[in-house]
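Structure file target-v7.tsv with TSV, C-alpha atoms and all ligand atoms:
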chain	number	residue	atom	x	y	z
A	807	MET	CA	-63.13	55.14	-13.12
A	808	THR	CA	-63.97	55.17	-9.43
A	809	ARG	CA	-62.06	57.27	-6.96
A	810	THR	CA	-60.59	54.30	-5.12
A	811	ARG	CA	-59.40	52.88	-8.42
A	812	VAL	CA	-57.60	56.11	-9.28
A	813	ILE	CA	-55.93	56.09	-5.88
A	814	ALA	CA	-54.98	52.43	-6.27
A	815	LEU	CA	-53.31	53.33	-9.55
A	816	LEU	CA	-51.59	56.43	-8.25
A	817	VAL	CA	-50.10	55.01	-5.06
A	818	PRO	CA	-47.62	52.62	-6.73
A	819	LEU	CA	-46.63	55.38	-9.15
A	820	LEU	CA	-45.94	57.80	-6.32
A	821	LEU	CA	-44.00	55.16	-4.42
A	822	ALA	CA	-41.90	54.39	-7.48
A	823	GLY	CA	-41.17	58.10	-7.84
A	824	CYS	CA	-40.02	58.32	-4.23
A	825	THR	CA	-37.66	55.36	-4.40
A	826	ALA	CA	-36.20	56.61	-7.68
A	827	LYS	CA	-35.45	59.91	-5.99
A	828	ARG	CA	-34.13	58.34	-2.84
A	829	ASN	CA	-31.40	56.29	-4.54
A	830	PRO	CA	-29.05	59.08	-5.68
A	831	ALA	CA	-29.53	60.80	-2.33
A	832	SER	CA	-28.49	57.71	-0.40
A	833	LEU	CA	-25.51	57.24	-2.73
A	834	SER	CA	-24.21	60.72	-2.09
A	835	ALA	CA	-24.75	60.21	1.63
A	836	ALA	CA	-22.57	57.09	1.44
A	837	ASP	CA	-19.94	58.99	-0.55
A	838	SER	CA	-19.75	61.78	1.95
A	839	THR	CA	-19.00	59.30	4.72
A	840	ARG	CA	-15.85	58.22	2.86
A	841	GLY	CA	-12.53	59.95	3.42
A	842	GLY	CA	-10.57	60.17	6.63
A	843	ASP	CA	-9.61	56.67	7.72
A	844	SER	CA	-11.02	54.92	4.65
A	845	ALA	CA	-9.00	57.06	2.17
A	846	ALA	CA	-6.18	54.48	2.13
A	847	ILE	CA	-8.61	51.73	1.15
A	848	VAL	CA	-10.01	53.85	-1.69
A	849	LEU	CA	-6.50	54.51	-3.01
A	850	GLN	CA	-5.59	50.82	-2.99
A	851	ALA	CA	-8.73	49.91	-4.87
A	852	ALA	CA	-8.34	52.58	-7.56
A	853	PRO	CA	-6.21	50.73	-10.18
A	854	VAL	CA	-8.46	47.66	-10.16
A	855	GLY	CA	-11.81	49.38	-10.02
A	856	HIS	CA	-11.13	52.05	-12.64
A	857	ILE	CA	-14.47	53.71	-13.37
A	858	LEU	CA	-14.86	54.59	-17.03
A	859	THR	CA	-15.25	58.25	-17.93
A	860	TYR	CA	-17.95	59.34	-20.38
A	861	GLU	CA	-15.43	59.29	-23.26
A	862	GLU	CA	-14.11	55.85	-22.32
A	863	ARG	CA	-17.65	54.46	-22.15
A	864	GLN	CA	-18.42	55.77	-25.64
A	865	GLY	CA	-15.14	54.21	-26.74
A	866	SER	CA	-15.99	50.84	-25.21
A	867	VAL	CA	-19.04	50.51	-27.48
A	868	LEU	CA	-16.95	51.32	-30.56
A	869	TYR	CA	-14.20	48.99	-29.39
A	870	ALA	CA	-16.64	46.09	-29.02
A	871	LYS	CA	-17.92	46.74	-32.53
A	872	TYR	CA	-14.67	47.33	-34.44
A	873	CYS	CA	-11.62	46.23	-32.46
A	874	ALA	CA	-12.45	43.30	-30.18
A	875	VAL	CA	-12.43	40.77	-33.06
A	876	CYS	CA	-8.67	41.17	-33.25
A	877	HIS	CA	-7.53	42.85	-30.03
A	878	GLY	CA	-9.81	40.79	-27.78
A	879	LYS	CA	-12.52	41.81	-25.32
A	880	GLU	CA	-9.93	42.45	-22.63
A	881	GLY	CA	-7.46	44.07	-25.02
A	882	LYS	CA	-4.96	41.23	-24.72
A	883	GLY	CA	-4.54	40.86	-28.48
A	884	ASP	CA	-6.43	37.55	-28.42
A	885	GLY	CA	-9.65	38.21	-30.34
A	886	PHE	CA	-11.00	35.27	-32.37
A	887	ASN	CA	-9.36	36.70	-35.51
A	888	ALA	CA	-5.96	37.10	-33.85
A	889	PHE	CA	-4.59	33.63	-34.60
A	890	ASN	CA	-4.69	34.54	-38.32
A	891	LEU	CA	-2.44	37.52	-37.91
A	892	ASP	CA	1.32	37.84	-37.90
A	893	PRO	CA	2.35	40.01	-36.13
A	894	ARG	CA	-0.37	39.53	-33.55
A	895	PRO	CA	-2.67	42.44	-32.67
A	896	ARG	CA	-1.21	44.62	-29.95
A	897	ASP	CA	-1.83	43.60	-26.33
A	898	PHE	CA	-3.23	46.76	-24.71
A	899	SER	CA	-2.86	45.37	-21.20
A	900	ASP	CA	0.95	45.31	-21.61
A	901	SER	CA	1.65	48.37	-19.47
A	902	ALA	CA	5.37	48.58	-20.32
A	903	TYR	CA	4.54	48.89	-24.02
A	904	MET	CA	1.51	51.13	-23.55
A	905	VAL	CA	3.34	53.65	-21.35
A	906	ALA	CA	5.77	54.26	-24.22
A	907	LEU	CA	3.00	54.57	-26.81
A	908	SER	CA	1.87	58.20	-27.24
A	909	ASP	CA	-1.75	59.28	-27.65
A	910	GLY	CA	-0.75	60.72	-31.02
A	911	GLN	CA	0.52	57.33	-32.20
A	912	ILE	CA	-2.63	55.55	-31.03
A	913	ILE	CA	-4.85	58.07	-32.79
A	914	GLN	CA	-2.77	57.94	-35.98
A	915	THR	CA	-2.83	54.12	-35.95
A	916	ILE	CA	-6.62	54.06	-35.66
A	917	THR	CA	-7.11	56.82	-38.26
A	918	GLY	CA	-4.62	55.69	-40.89
A	919	GLY	CA	-4.13	52.03	-40.04
A	920	GLY	CA	-0.93	50.10	-39.25
A	921	ARG	CA	0.66	51.08	-42.53
A	922	SER	CA	0.55	54.78	-41.62
A	923	VAL	CA	2.79	54.18	-38.58
A	924	ASN	CA	5.09	51.62	-40.21
A	925	LYS	CA	3.30	48.75	-38.50
A	926	SER	CA	1.45	45.80	-39.93
A	927	PRO	CA	-0.99	46.70	-42.74
A	928	LEU	CA	-3.31	44.11	-41.16
A	929	MET	CA	-4.23	46.78	-38.62
A	930	PRO	CA	-7.07	48.47	-40.57
A	931	SER	CA	-7.69	52.23	-40.87
A	932	TYR	CA	-10.86	53.73	-39.42
A	933	GLY	CA	-10.51	57.35	-40.59
A	934	TRP	CA	-13.37	56.88	-43.06
A	935	THR	CA	-15.51	54.70	-40.80
A	936	ILE	CA	-15.81	56.69	-37.58
A	937	ASP	CA	-15.37	60.43	-36.96
A	938	ARG	CA	-12.58	62.22	-35.11
A	939	SER	CA	-14.28	62.35	-31.74
A	940	GLN	CA	-15.17	58.67	-31.97
A	941	ILE	CA	-11.50	57.93	-32.69
A	942	GLN	CA	-10.58	59.88	-29.57
A	943	TYR	CA	-13.14	57.95	-27.52
A	944	VAL	CA	-11.86	54.57	-28.67
A	945	ALA	CA	-8.25	55.69	-28.12
A	946	ALA	CA	-9.18	56.70	-24.56
A	947	TYR	CA	-10.79	53.31	-24.00
A	948	VAL	CA	-7.70	51.48	-25.34
A	949	ARG	CA	-5.76	53.17	-22.50
A	950	THR	CA	-7.99	51.61	-19.83
A	951	PHE	CA	-6.91	48.00	-20.42
A	952	VAL	CA	-3.80	48.45	-18.28
A	953	TYR	CA	-6.23	48.76	-15.35
A	954	GLY	CA	-7.59	45.31	-16.13
A	955	ASN	CA	-11.01	46.50	-17.32
B	1	LIG	C1	-8.07	42.83	-38.45
B	1	LIG	C2	-7.56	42.87	-37.11
B	1	LIG	C3	-7.52	44.19	-36.39
B	1	LIG	C4	-8.57	45.01	-36.07
B	1	LIG	C5	-10.04	44.82	-36.41
B	1	LIG	C6	-8.01	46.12	-35.31
B	1	LIG	N1	-6.67	45.97	-35.17
B	1	LIG	FE1	-5.42	47.23	-34.17
B	1	LIG	N2	-3.83	46.04	-34.66
B	1	LIG	C7	-3.91	44.88	-35.41
B	1	LIG	C8	-2.57	44.34	-35.58
B	1	LIG	C9	-2.22	43.05	-36.35
B	1	LIG	C10	-1.68	45.21	-34.90
B	1	LIG	C11	-0.18	45.05	-34.72
B	1	LIG	C12	0.56	45.89	-35.70
B	1	LIG	C13	2.05	45.71	-35.51
B	1	LIG	O1	2.50	45.53	-34.36
B	1	LIG	O2	2.77	45.74	-36.53
B	1	LIG	C14	-2.51	46.28	-34.34
B	1	LIG	C15	-2.02	47.33	-33.59
B	1	LIG	C16	-2.77	48.32	-33.01
B	1	LIG	C17	-2.25	49.39	-32.19
B	1	LIG	C18	-0.79	49.58	-31.75
B	1	LIG	C19	0.01	50.38	-32.74
B	1	LIG	C20	1.45	50.48	-32.28
B	1	LIG	O3	2.08	51.50	-32.59
B	1	LIG	O4	1.96	49.57	-31.63
B	1	LIG	C21	-3.33	50.14	-31.80
B	1	LIG	C22	-3.32	51.37	-30.89
B	1	LIG	C23	-4.52	49.54	-32.39
B	1	LIG	N3	-4.14	48.45	-33.13
B	1	LIG	C24	-5.79	50.00	-32.20
B	1	LIG	C25	-6.92	49.42	-32.77
B	1	LIG	C26	-8.26	49.92	-32.55
B	1	LIG	C27	-8.63	51.05	-31.61
B	1	LIG	C28	-9.09	49.16	-33.31
B	1	LIG	C29	-10.59	49.32	-33.51
B	1	LIG	C30	-11.05	50.65	-33.91
B	1	LIG	C31	-8.27	48.16	-33.97
B	1	LIG	N4	-6.97	48.35	-33.61
B	1	LIG	C32	-8.77	47.17	-34.79
B	1	LIG	C33	-5.04	44.30	-35.91
B	1	LIG	C34	-6.32	44.81	-35.82
Could the structure of this file be written out as structure tokens, please?
Ligand code: HEC
Amino acid sequence: MTRTRVIALLVPLLLAGCTAKRNPASLSAADSTRGGDSAAIVLQAAPVGHILTYEERQGSVLYAKYCAVCHGKEGKGDGFNAFNLDPRPRDFSDSAYMVALSDGQIIQTITGGGRSVNKSPLMPSYGWTIDRSQIQYVAAYVRTFVYGN
């Protein structure tokens, strides 16, 4: 390989490296300019633009796989299987209901199914399908639907 060829190959690689490094730096620069006057705007936007935590993101993958068929992609209890079910799957975007529902009840429902909390046996149990931390992740994600995620 000639020298110019090596350089021609290296230059794009180096440039790619630089831009990859520059992105996080420019993000944090933008963040640090927030605050002061713009704090009110950030507060107003918070409920709509809820950013998922690590746990919630893990939970969203599990939710899509196991729960969305009944509870719906947006948690409104309108998955494609929902019309078959009476009572209907719970609507997780119903904030009045969800505020009254404890974390313990959500976790028990997922682990032991509807029957274990005196609800519909059509709500399946996942205690043998996913492990305890996965149940906590999906329970955390269920909580985010009140933000309209
Ligand atoms: C086969 C359909 C179906 C699937 C799949 C399903 N659910 Fe349900 N779920 C239901 C039904 C039906 C109810 C309503 C039970 C009732 O109100 O009696 C329910 C209720 C619930 C409740 C509310 C319990 C309460 O006390 O009000 C939670 C929380 C819940 N499901 C979580 C989940 C999670 C998380 C998953 C996925 C891991 C899931 N469900 C998968 C059908 C389903």
When you draw a straight line from atom N3 of ligand LIG 1 (chain B) to CA of Thr859 in chain A, how long is it in Å?
21.2 Å
Env of range 872-877 of chain A: 8 Å cut, atoms = all atoms listed in the file, seq-sep filter 3 positions within chain, self excluded. Answer as a list in words.
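Neighbouring residues, sequence-local ones excluded: Leu868, Tyr869, Glu880, Gly881, Lys882, Gly883, Asp884, Gly885, Phe886, Asn887, Ala888, Pro895, Arg896, Asp897 and Phe898 of chain A.
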May I have the selected residues written with C-alpha atoms, as a PDB file, in the frame of the given file?
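Final output, saved to selection_23.pdb:
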ATOM      1  CA  LEU A 868     -16.950  51.320 -30.560  1.00  0.00           C
ATOM      2  CA  TYR A 869     -14.200  48.990 -29.390  1.00  0.00           C
ATOM      3  CA  GLU A 880      -9.930  42.450 -22.630  1.00  0.00           C
ATOM      4  CA  GLY A 881      -7.460  44.070 -25.020  1.00  0.00           C
ATOM      5  CA  LYS A 882      -4.960  41.230 -24.720  1.00  0.00           C
ATOM      6  CA  GLY A 883      -4.540  40.860 -28.480  1.00  0.00           C
ATOM      7  CA  ASP A 884      -6.430  37.550 -28.420  1.00  0.00           C
ATOM      8  CA  GLY A 885      -9.650  38.210 -30.340  1.00  0.00           C
ATOM      9  CA  PHE A 886     -11.000  35.270 -32.370  1.00  0.00           C
ATOM     10  CA  ASN A 887      -9.360  36.700 -35.510  1.00  0.00           C
ATOM     11  CA  ALA A 888      -5.960  37.100 -33.850  1.00  0.00           C
ATOM     12  CA  PRO A 895      -2.670  42.440 -32.670  1.00  0.00           C
ATOM     13  CA  ARG A 896      -1.210  44.620 -29.950  1.00  0.00           C
ATOM     14  CA  ASP A 897      -1.830  43.600 -26.330  1.00  0.00           C
ATOM     15  CA  PHE A 898      -3.230  46.760 -24.710  1.00  0.00           C
TER      16      PHE A 898
END
What separates atom C25 of ligand LIG 1 (chain B) and CA of Pro930 in chain A is a distance of 7.9 Å
Please identify all polymer residues within 12 Å of Tyr860 in chain A, counting only C-alpha atoms, omitting same-chain residues fewer than 5 positions from it, and present them as a VMD selection string.
chain A and resid 865 to 867 940 942 to 944 946 to 947
With distances taken over all atoms listed in the file, which residue among A:His856, A:Lys871, A:Arg863, A:Lys925 lies nearest ligand LIG 1 (chain B)?
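Checking each of A:His856, A:Lys871, A:Arg863, A:Lys925 against ligand LIG 1 (chain B), counting all atoms listed in the file, the winner is A:Lys925.
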Nearest to Arg938 in chain A among A:Met904, A:Leu858, A:Ile916, A:Ala870, with distances taken over all atoms listed in the file: which residue is it?
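Nearest to Arg938 in chain A: A:Ile916.
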For range 890-901 of chain A, supply all heavy atoms and format the output as a PDB file, in the coordinates of the input.
ATOM      1  N   ASN A 890      -4.972  34.385 -36.894  1.00  0.00           N
ATOM      2  CA  ASN A 890      -4.690  34.540 -38.320  1.00  0.00           C
ATOM      3  C   ASN A 890      -3.581  35.531 -38.608  1.00  0.00           C
ATOM      4  O   ASN A 890      -3.110  35.586 -39.738  1.00  0.00           O
ATOM      5  CB  ASN A 890      -5.937  35.133 -38.996  1.00  0.00           C
ATOM      6  CG  ASN A 890      -6.866  34.067 -39.497  1.00  0.00           C
ATOM      7  OD1 ASN A 890      -6.412  33.038 -39.956  1.00  0.00           O
ATOM      8  ND2 ASN A 890      -8.157  34.344 -39.419  1.00  0.00           N
ATOM      9  N   LEU A 891      -3.258  36.346 -37.635  1.00  0.00           N
ATOM     10  CA  LEU A 891      -2.440  37.520 -37.910  1.00  0.00           C
ATOM     11  C   LEU A 891      -1.011  37.391 -37.414  1.00  0.00           C
ATOM     12  O   LEU A 891      -0.768  36.905 -36.322  1.00  0.00           O
ATOM     13  CB  LEU A 891      -3.085  38.768 -37.275  1.00  0.00           C
ATOM     14  CG  LEU A 891      -4.538  39.035 -37.654  1.00  0.00           C
ATOM     15  CD1 LEU A 891      -5.105  40.187 -36.854  1.00  0.00           C
ATOM     16  CD2 LEU A 891      -4.662  39.315 -39.147  1.00  0.00           C
ATOM     17  N   ASP A 892      -0.094  37.821 -38.268  1.00  0.00           N
ATOM     18  CA  ASP A 892       1.320  37.840 -37.900  1.00  0.00           C
ATOM     19  C   ASP A 892       1.900  39.157 -38.412  1.00  0.00           C
ATOM     20  O   ASP A 892       1.961  39.336 -39.623  1.00  0.00           O
ATOM     21  CB  ASP A 892       2.023  36.639 -38.550  1.00  0.00           C
ATOM     22  CG  ASP A 892       3.478  36.563 -38.132  1.00  0.00           C
ATOM     23  OD1 ASP A 892       3.834  37.217 -37.133  1.00  0.00           O
ATOM     24  OD2 ASP A 892       4.256  35.869 -38.814  1.00  0.00           O
ATOM     25  N   PRO A 893       2.321  40.086 -37.599  1.00  0.00           N
ATOM     26  CA  PRO A 893       2.350  40.010 -36.130  1.00  0.00           C
ATOM     27  C   PRO A 893       0.944  40.024 -35.533  1.00  0.00           C
ATOM     28  O   PRO A 893      -0.001  40.427 -36.173  1.00  0.00           O
ATOM     29  CB  PRO A 893       3.085  41.294 -35.737  1.00  0.00           C
ATOM     30  CG  PRO A 893       2.785  42.254 -36.842  1.00  0.00           C
ATOM     31  CD  PRO A 893       2.736  41.415 -38.084  1.00  0.00           C
ATOM     32  N   ARG A 894       0.888  39.559 -34.279  1.00  0.00           N
ATOM     33  CA  ARG A 894      -0.370  39.530 -33.550  1.00  0.00           C
ATOM     34  C   ARG A 894      -0.851  40.940 -33.243  1.00  0.00           C
ATOM     35  O   ARG A 894      -0.033  41.847 -33.108  1.00  0.00           O
ATOM     36  CB  ARG A 894      -0.179  38.782 -32.211  1.00  0.00           C
ATOM     37  CG  ARG A 894      -0.010  37.289 -32.380  1.00  0.00           C
ATOM     38  CD  ARG A 894      -1.348  36.692 -32.747  1.00  0.00           C
ATOM     39  NE  ARG A 894      -1.236  35.304 -33.186  1.00  0.00           N
ATOM     40  CZ  ARG A 894      -1.488  34.257 -32.425  1.00  0.00           C
ATOM     41  NH1 ARG A 894      -1.787  34.427 -31.153  1.00  0.00           N
ATOM     42  NH2 ARG A 894      -1.404  33.049 -32.907  1.00  0.00           N
ATOM     43  N   PRO A 895      -2.166  41.126 -33.099  1.00  0.00           N
ATOM     44  CA  PRO A 895      -2.670  42.440 -32.670  1.00  0.00           C
ATOM     45  C   PRO A 895      -2.042  42.835 -31.338  1.00  0.00           C
ATOM     46  O   PRO A 895      -1.732  41.960 -30.521  1.00  0.00           O
ATOM     47  CB  PRO A 895      -4.175  42.213 -32.513  1.00  0.00           C
ATOM     48  CG  PRO A 895      -4.473  41.005 -33.340  1.00  0.00           C
ATOM     49  CD  PRO A 895      -3.240  40.159 -33.293  1.00  0.00           C
ATOM     50  N   ARG A 896      -1.857  44.110 -31.166  1.00  0.00           N
ATOM     51  CA  ARG A 896      -1.210  44.620 -29.950  1.00  0.00           C
ATOM     52  C   ARG A 896      -1.981  44.229 -28.692  1.00  0.00           C
ATOM     53  O   ARG A 896      -3.211  44.220 -28.679  1.00  0.00           O
ATOM     54  CB  ARG A 896      -1.135  46.155 -30.076  1.00  0.00           C
ATOM     55  CG  ARG A 896      -0.549  46.870 -28.919  1.00  0.00           C
ATOM     56  CD  ARG A 896       0.835  46.441 -28.581  1.00  0.00           C
ATOM     57  NE  ARG A 896       1.784  46.470 -29.689  1.00  0.00           N
ATOM     58  CZ  ARG A 896       2.987  45.891 -29.637  1.00  0.00           C
ATOM     59  NH1 ARG A 896       3.356  45.204 -28.569  1.00  0.00           N
ATOM     60  NH2 ARG A 896       3.797  45.988 -30.656  1.00  0.00           N
ATOM     61  N   ASP A 897      -1.239  43.888 -27.638  1.00  0.00           N
ATOM     62  CA  ASP A 897      -1.830  43.600 -26.330  1.00  0.00           C
ATOM     63  C   ASP A 897      -1.886  44.902 -25.536  1.00  0.00           C
ATOM     64  O   ASP A 897      -0.852  45.400 -25.086  1.00  0.00           O
ATOM     65  CB  ASP A 897      -0.955  42.553 -25.605  1.00  0.00           C
ATOM     66  CG  ASP A 897      -1.393  42.304 -24.175  1.00  0.00           C
ATOM     67  OD1 ASP A 897      -2.377  42.950 -23.727  1.00  0.00           O
ATOM     68  OD2 ASP A 897      -0.756  41.466 -23.504  1.00  0.00           O
ATOM     69  N   PHE A 898      -3.082  45.459 -25.368  1.00  0.00           N
ATOM     70  CA  PHE A 898      -3.230  46.760 -24.710  1.00  0.00           C
ATOM     71  C   PHE A 898      -3.118  46.680 -23.190  1.00  0.00           C
ATOM     72  O   PHE A 898      -3.123  47.703 -22.514  1.00  0.00           O
ATOM     73  CB  PHE A 898      -4.584  47.400 -25.064  1.00  0.00           C
ATOM     74  CG  PHE A 898      -4.767  47.648 -26.535  1.00  0.00           C
ATOM     75  CD1 PHE A 898      -5.946  47.299 -27.162  1.00  0.00           C
ATOM     76  CD2 PHE A 898      -3.760  48.246 -27.279  1.00  0.00           C
ATOM     77  CE1 PHE A 898      -6.123  47.538 -28.512  1.00  0.00           C
ATOM     78  CE2 PHE A 898      -3.935  48.492 -28.640  1.00  0.00           C
ATOM     79  CZ  PHE A 898      -5.120  48.132 -29.257  1.00  0.00           C
ATOM     80  N   SER A 899      -3.027  45.465 -22.651  1.00  0.00           N
ATOM     81  CA  SER A 899      -2.860  45.370 -21.200  1.00  0.00           C
ATOM     82  C   SER A 899      -1.381  45.307 -20.814  1.00  0.00           C
ATOM     83  O   SER A 899      -1.040  45.243 -19.641  1.00  0.00           O
ATOM     84  CB  SER A 899      -3.613  44.139 -20.666  1.00  0.00           C
ATOM     85  OG  SER A 899      -3.009  42.956 -21.148  1.00  0.00           O
ATOM     86  N   ASP A 900      -0.500  45.328 -21.840  1.00  0.00           N
ATOM     87  CA  ASP A 900       0.950  45.310 -21.610  1.00  0.00           C
ATOM     88  C   ASP A 900       1.391  46.733 -21.231  1.00  0.00           C
ATOM     89  O   ASP A 900       1.650  47.566 -22.086  1.00  0.00           O
ATOM     90  CB  ASP A 900       1.628  44.845 -22.904  1.00  0.00           C
ATOM     91  CG  ASP A 900       3.145  44.884 -22.834  1.00  0.00           C
ATOM     92  OD1 ASP A 900       3.693  45.451 -21.865  1.00  0.00           O
ATOM     93  OD2 ASP A 900       3.780  44.352 -23.769  1.00  0.00           O
ATOM     94  N   SER A 901       1.448  46.985 -19.911  1.00  0.00           N
ATOM     95  CA  SER A 901       1.650  48.370 -19.470  1.00  0.00           C
ATOM     96  C   SER A 901       3.004  48.924 -19.884  1.00  0.00           C
ATOM     97  O   SER A 901       3.113  50.104 -20.205  1.00  0.00           O
ATOM     98  CB  SER A 901       1.426  48.499 -17.961  1.00  0.00           C
ATOM     99  OG  SER A 901       2.211  47.583 -17.278  1.00  0.00           O
TER     100      SER A 901
END
